[in-house]
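**Student:** Pasting in a structure now, in structure tokens, and then I'll have a few things to ask.
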Amino acid sequence: MGLAAKNDPFHRAEVDACRHCGQALLTHREKESGFCCAGCKAVFEFIGGLGLDYFYCLRARGPEWNLTPVAKVKSTYTYFDDARFAEKFISTEIGGLQQIRFHLSGLHCAACLWLLEKLPEILPGLAKVRVDLIRSKAQVVFDPKMLRPSAVGHTFAALGYAPHPISVDGRASAPEKIDRTFALQLGLAAFSSMNIMVLFIGRYQGLFSGMEERYAHFFAWVSLVLTIPVVTFSALPFYRTSWAGLRLGRVHIDLPIAVAIVSGFIGGAVNTFLGRTEIYFDTVTALVFLLLVGRWFQRRAMKQVANASELLYTMMPLEAVRKGVDGAREEIFVDSLNPGDETYVGHDERFSCDGEVLAGESYANNALLTGESRPVPLRPGALVWAGTKNIGPEITVRISQVGESTRLGRLMSEIQLTPARESKTARFTDRVGVYFVFGVFGLAIATFIGWYGQGFWVAWDRVIALLIVSCPCALGIATPVTLSLASAQAARRGILLKSGDALERLAAASHVLFDKTGTLTTGKLGLRRAVLSDDGSQWLEIWGTVLGLEEGIGHPAAEALSEAAVMRQTIARKFLGRAVVPGAGVTATDADGRVFRIGSLRWLSENGAEVPPLLRNFIEEALIEGFSVIGLSHGESITGLFALGDSLRPEAADTVLKLFSRGLKVGMLSGDMVEVTTATAEVLGIAAHNAEGGLSPEAKATVMRGLGDAGVLVGDGINDALALASAGVGIGVSGGAEVCLKVADVFLIRPDLSLIVTAIDGARRTLRLIHRHLAVSLFYNLAAASLAISGYIGPLGAALVMPASSLTVILSSLFGAPFKRTEP
Amino acid sequence: MTVVFILLPLSLLLGGVFFLGYCWSVKTGQLEDLDTPALRMLVEDNDNAATTVGEKKEN
């Protein structure tokens, strides 16, 4: 039934899963409507209205998908039309078209790609949409005369992909330019080496079968011409790193490569002039080409450093509602705000700046900034921080700090200042490299002296053969290729790796620490459990009472209960009078004069409603798990108990167990209260002394720094960002703050903790593969070097042996699939 | 066999044209996203789509 409904979105009978997001539907009413929430329904209807229902057929064809329900679009995106916004985010193209780029949340499969790229055919004024699925980015070109930027933003949001604009100076960044130069260097090396290879096949053939000298010379000169650009342009990266190493008084692993390239080229050029047969252009260009291929794989997996302001923009709301001169509401772009301005912050909106509450009472959810899961009350005079969320009714805030001087902004700058660690492998390679370089040069000098008696040219040929044959191909090519292939496989399983060395640290890690709120738990106050005092016949009526009492009160507990009641499709009971008792609950009287109360159990018992002994157990259990319990009373009898709290993700306990079974130490670092942290740890089987609560972002970072490379941190919020950047490996969980994507070494596309186990298993297998390759190529190099010294391999033989060793390790990495298998 | 003196430079010239094409593709950023086009190709052949398929002019 469930499967049939998934495959046929137009199926009108009851369905088990939400037609849009696929989440399981619980109540009869939900099943009848086919949606889990109003947000999903709106998106489904919008997609249908555009005639793009094919999206659902496409999606059913693809792999299993699991989306989070879509929040209802609240913003009008009018701030996209702000002049300052345009300055920062919109660039003008030829022909008066404008371009804007977004990070999109909610992109998951090829069907999304189809849906978004189909838009230009339907929406007049939209010229082009190009989606980069792997990086969750989209490039949008539109005609400003026909379509306002706000309409573009709104369309994306209405389709369920909330757009987060990328600034203009953030895109044409330096790494992109370096990448292009590199692509040209690689392309040139490929072109020259392949052509030279063809020429040399002819030359070698000619050497054996006899070839007129003028042809041999002609071939030599042509290959010399082809080699010049390779040596002067393509090989630049090797000279640069060697030179940079020498200037610091270090011997870089690239040094023997650079020396081999230059000496091979000079030797070949001299021999060409002298008309001798030993020219090494084929070997030199093939060497440059193969090593550049290795570098290319390495580069693909490389991490880009984000700058602080860019981080800030992904974290802070870009939109604010400013109070105008006569109290009017102006939707503006945050950069247009100044300290002293007054803004309105509505329900479920994030604060865009630091400030002070002027009017209104509400609650803030500081989880993102501090990790605290319980709501913080806001009254006039209370301070609010950028990035935190108002979860109560609308309040007025006077701004004190904007942009980078906010608490959030300062935290972001600190993250950027955290020095990039030198990776363990880099250090390993450098250490081995030093011995390697000295070893090779020592051997080369000894070889030259040893063979000098046979004549200068004999000795020269032996040395060149030795230099070429002992090039560290396993370090230069096999390791990056293995790491890059492993990264690609991991990405397909939903694990994004920012750098190859994150894999190496992950394989060697000994501690895995989890943030609590939002990582192990879902991070939202909601109804966890309820007991109703009746036999089930009246439950709809009881929920109707709850809705009638709690609707529109604005307290987070009231919000959670109203939401639960709405989900059950009840109709609110009508009351005559309703009064909020601060710190206690809500009381109301209906038309028949019956008094209903909902609120804290202490308050209910003060009013004569005692909890029956049978239900005490429910309360105790709920409190142990860190939930708060709210009661509903009708006169003097309790008719319902509701446990509210942050719930554990379903796979959390299993993941912790699997990590234990892999010999890892598992702990928790939380900004939440110690009691809540301990209670959660107990449920998961984490020892209480390994679960630390009440930690500030800085304290978390200190703990992670203390663990060094051996520590893995799994986190989601801004409060984890600094610690993620300081940890040996930072793993960002999807659904959390986007800042994680920027600072974490590993990012999970799906909010599924079991991926952590997959990542660690895969990393360990990858490392075993790399070590195997190192052993193989070391053997090759030793064998080939001794043959070269003894003269059994000339430069020609070296040219054959060298690619053979590279090929072996590359093939081995292609067939090793570290992320393909899953272990129990 | 002397024809090789003409043919060799000629073939290199031809190869050079392709190399220039490669340079162009690099300069215009076509190599920046290598993963999405593979998927794009798969979803564009929608035989029973509600809307018509056809590459829209981009300028």
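Residue numbering restarts at 1 in every chain; chains get A, B, ... in the order shown in the structure tokens, and ligands count up from 1 in that same order.
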Would you list the contacts of Pro9 in chain B as a list in words, taking every protein, DNA or RNA residue within 12 Å and counting only C-alpha atoms, but skipping same-chain residues closer than 2 positions in sequence?

**Tutor:**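 Selected residues are Asn195, Leu199, Phe218, Phe219, Trp221, Val222, Ser223, Val225 and Leu226 of chain A; Val3, Val4, Phe5, Ile6, Leu7, Ser11, Leu12, Leu13, Leu14, Gly15 and Gly16 of chain B.
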
**Student:** Just write the chosen residues, C-alpha atoms, as a compact mmCIF listing (two decimals), in the first residue's frame.

**Tutor:**
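Listing of part-v6.txt after writing:
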```txt
# COMPACT_ATOMS: atom_id res chain seq x y z
CA ASN A 195 51.93 13.42 -28.97
CA LEU A 199 56.54 10.16 -31.95
CA PHE A 218 63.44 15.61 -36.97
CA PHE A 219 61.43 13.60 -34.41
CA TRP A 221 63.49 18.34 -32.54
CA VAL A 222 59.69 18.17 -32.73
CA SER A 223 59.50 16.51 -29.32
CA VAL A 225 59.53 21.84 -29.09
CA LEU A 226 56.59 19.99 -27.51
CA VAL B 3 56.01 13.56 -46.61
CA VAL B 4 56.37 13.12 -42.83
CA PHE B 5 58.03 16.58 -42.69
CA ILE B 6 54.68 18.07 -43.75
CA LEU B 7 52.27 15.60 -42.18
CA SER B 11 48.77 16.63 -37.39
CA LEU B 12 50.18 18.62 -34.48
CA LEU B 13 48.33 21.66 -35.77
CA LEU B 14 45.12 19.66 -35.84
CA GLY B 15 45.77 18.44 -32.30
CA GLY B 16 46.49 22.04 -31.32
```

**Student:** Please find the residues of chain A near chain B - the criterion being any atom within 9 Å, counting only C-alpha atoms - and write them as a ChimeraX atom specification.

**Tutor:** /A:51-55,58,94-95,97,109-111,113-114,118,120-121,127-128,131-135,176,179-181,183-184,187-188,191,195,215,218,222

**Student:** Write down as a ChimeraX atom specification the residues belonging to range 154-227 of chain A that are assigned alpha helix (DSSP H) by DSSP computed on the backbone.

**Tutor:** /A:154-158,168-171,174-209,213-227

**Student:** Residues at most 12 Å from Pro256 in chain A, counting only C-alpha atoms, excluding those fewer than 3 positions away in the same chain, as a PyMOL selection string?

**Tutor:** chain A and resi 238-239+241-243+251-253+259-264+287+433-442+444+464+466-473+476

**Student:** Using only C-alpha atoms for the distances, tell me which of A:Arg594, A:Asp752, A:Trp460, A:Ser75 is nearest to Glu319 in chain A.

**Tutor:**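 Closest candidate: A:Ser75.
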
**Student:** Can you pull out every residue within 9 Å of range 390-396 of chain A, counting only C-alpha atoms, but drop anything in the same chain fewer than 6 positions away, and send it as a PyMOL selection string?

**Tutor:** chain A and resi 323+342-351+356-366+375+378+380+552-556+559

**Student:** Kindly indicate which residue among A:Leu126, A:Val676, A:Val714, A:Leu186 lies nearest to Gly518 in chain A, using only C-alpha atoms for the distances.

**Tutor:** A:Val714

**Student:** Using only C-alpha atoms, find the one residue out of A:Val611, A:Ile445, A:Leu159, A:Ala557 that sits nearest to Asp646 in chain A.

**Tutor:**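 Checking each candidate against Asp646 in chain A, we get A:Ala557 as the closest.
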
**Student:** Report, in Å to a single decimal, how far apart CA of Thr570 in chain A and CA of Asn607 in chain A are.

**Tutor:** 27.2 Å

**Student:** Enter the distance from CA of Lys700 in chain A to CA of Gly728 in chain A, in Å, rounded to one decimal.

**Tutor:**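 Here the two named atoms are 13.0 Å from each other.
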
**Student:** Excluding Arg764 in chain A and any residue of its chain fewer than 4 positions from it, enumerate the residues within 12 Å of it, using only C-alpha atoms, and give them as a list in words.

**Tutor:** Leu483, Ala486, Ala502, Leu503, Glu504, Arg505, Leu506, Ala507, Ala508, Ala509, Arg662, Val757, Thr758, Ala759, Ile760, Arg768, Leu769, Ile770, His771, Ala817, Pro818 and Phe819 of chain A

**Student:** Please list as a ChimeraX atom specification every residue within 12 Å of range 541-549 of chain A, counting only C-alpha atoms and excluding residues in the same chain fewer than 3 positions away.

**Tutor:** /A:530-538,552-555,557-580,585-590,594-599,630-634,638-642

**Student:** Only C-alpha atoms, please: the residues just picked out, written as a PDB file, in the first residue's frame.

**Tutor:**
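What ended up in part_34.pdb:
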```pdb
ATOM      1  CA  ALA A 530       0.663  11.549  26.357  1.00  0.00           C
ATOM      2  CA  VAL A 531      -1.764   9.666  28.559  1.00  0.00           C
ATOM      3  CA  LEU A 532      -5.433  10.489  28.440  1.00  0.00           C
ATOM      4  CA  SER A 533      -7.703   9.393  31.238  1.00  0.00           C
ATOM      5  CA  ASP A 534     -10.466   7.999  29.050  1.00  0.00           C
ATOM      6  CA  ASP A 535     -10.971   4.778  27.136  1.00  0.00           C
ATOM      7  CA  GLY A 536     -10.351   6.386  23.739  1.00  0.00           C
ATOM      8  CA  SER A 537     -13.884   7.355  22.774  1.00  0.00           C
ATOM      9  CA  GLN A 538     -13.377  10.945  23.767  1.00  0.00           C
ATOM     10  CA  GLY A 552      -2.242  31.373  20.176  1.00  0.00           C
ATOM     11  CA  ILE A 553      -0.837  31.605  23.719  1.00  0.00           C
ATOM     12  CA  GLY A 554       2.712  31.814  22.399  1.00  0.00           C
ATOM     13  CA  HIS A 555       4.462  29.875  25.143  1.00  0.00           C
ATOM     14  CA  ALA A 557       4.899  24.426  25.525  1.00  0.00           C
ATOM     15  CA  ALA A 558       1.561  25.768  24.334  1.00  0.00           C
ATOM     16  CA  GLU A 559       2.911  25.850  20.791  1.00  0.00           C
ATOM     17  CA  ALA A 560       4.037  22.231  21.010  1.00  0.00           C
ATOM     18  CA  LEU A 561       0.680  21.113  22.357  1.00  0.00           C
ATOM     19  CA  SER A 562      -1.348  23.116  19.829  1.00  0.00           C
ATOM     20  CA  GLU A 563       0.770  21.655  17.063  1.00  0.00           C
ATOM     21  CA  ALA A 564       0.137  18.148  18.365  1.00  0.00           C
ATOM     22  CA  ALA A 565      -3.594  18.868  18.556  1.00  0.00           C
ATOM     23  CA  VAL A 566      -3.690  20.350  15.051  1.00  0.00           C
ATOM     24  CA  MET A 567      -1.870  17.293  13.744  1.00  0.00           C
ATOM     25  CA  ARG A 568      -4.713  15.229  15.114  1.00  0.00           C
ATOM     26  CA  GLN A 569      -7.137  17.333  13.070  1.00  0.00           C
ATOM     27  CA  THR A 570      -9.280  18.386  15.983  1.00  0.00           C
ATOM     28  CA  ILE A 571     -11.556  21.385  16.239  1.00  0.00           C
ATOM     29  CA  ALA A 572     -10.839  23.790  19.070  1.00  0.00           C
ATOM     30  CA  ARG A 573     -13.395  23.835  21.888  1.00  0.00           C
ATOM     31  CA  LYS A 574     -15.010  27.226  22.362  1.00  0.00           C
ATOM     32  CA  PHE A 575     -14.450  28.888  25.708  1.00  0.00           C
ATOM     33  CA  LEU A 576     -16.072  31.956  27.217  1.00  0.00           C
ATOM     34  CA  GLY A 577     -13.125  33.290  29.125  1.00  0.00           C
ATOM     35  CA  ARG A 578      -9.495  32.324  28.912  1.00  0.00           C
ATOM     36  CA  ALA A 579      -6.765  33.560  31.248  1.00  0.00           C
ATOM     37  CA  VAL A 580      -3.014  32.966  31.288  1.00  0.00           C
ATOM     38  CA  GLY A 585      -0.603  27.626  32.769  1.00  0.00           C
ATOM     39  CA  VAL A 586      -3.907  28.555  31.183  1.00  0.00           C
ATOM     40  CA  THR A 587      -7.398  28.391  32.657  1.00  0.00           C
ATOM     41  CA  ALA A 588     -10.735  28.742  30.863  1.00  0.00           C
ATOM     42  CA  THR A 589     -14.444  28.297  31.408  1.00  0.00           C
ATOM     43  CA  ASP A 590     -16.834  26.906  28.798  1.00  0.00           C
ATOM     44  CA  ARG A 594     -17.025  23.989  33.631  1.00  0.00           C
ATOM     45  CA  VAL A 595     -13.466  25.034  34.475  1.00  0.00           C
ATOM     46  CA  PHE A 596     -10.541  23.613  32.514  1.00  0.00           C
ATOM     47  CA  ARG A 597      -6.877  24.105  33.339  1.00  0.00           C
ATOM     48  CA  ILE A 598      -3.712  23.182  31.508  1.00  0.00           C
ATOM     49  CA  GLY A 599      -0.284  23.764  32.979  1.00  0.00           C
ATOM     50  CA  ILE A 630       2.105  19.236  31.680  1.00  0.00           C
ATOM     51  CA  GLY A 631      -1.331  18.266  32.904  1.00  0.00           C
ATOM     52  CA  LEU A 632      -4.878  18.972  31.750  1.00  0.00           C
ATOM     53  CA  SER A 633      -7.595  19.139  34.371  1.00  0.00           C
ATOM     54  CA  HIS A 634     -11.331  19.214  34.108  1.00  0.00           C
ATOM     55  CA  ILE A 638      -6.806  15.125  35.649  1.00  0.00           C
ATOM     56  CA  THR A 639      -7.895  14.150  32.139  1.00  0.00           C
ATOM     57  CA  GLY A 640      -4.531  14.138  30.425  1.00  0.00           C
ATOM     58  CA  LEU A 641      -0.780  14.228  30.976  1.00  0.00           C
ATOM     59  CA  PHE A 642       1.641  15.384  28.309  1.00  0.00           C
TER      60      PHE A 642
END
```
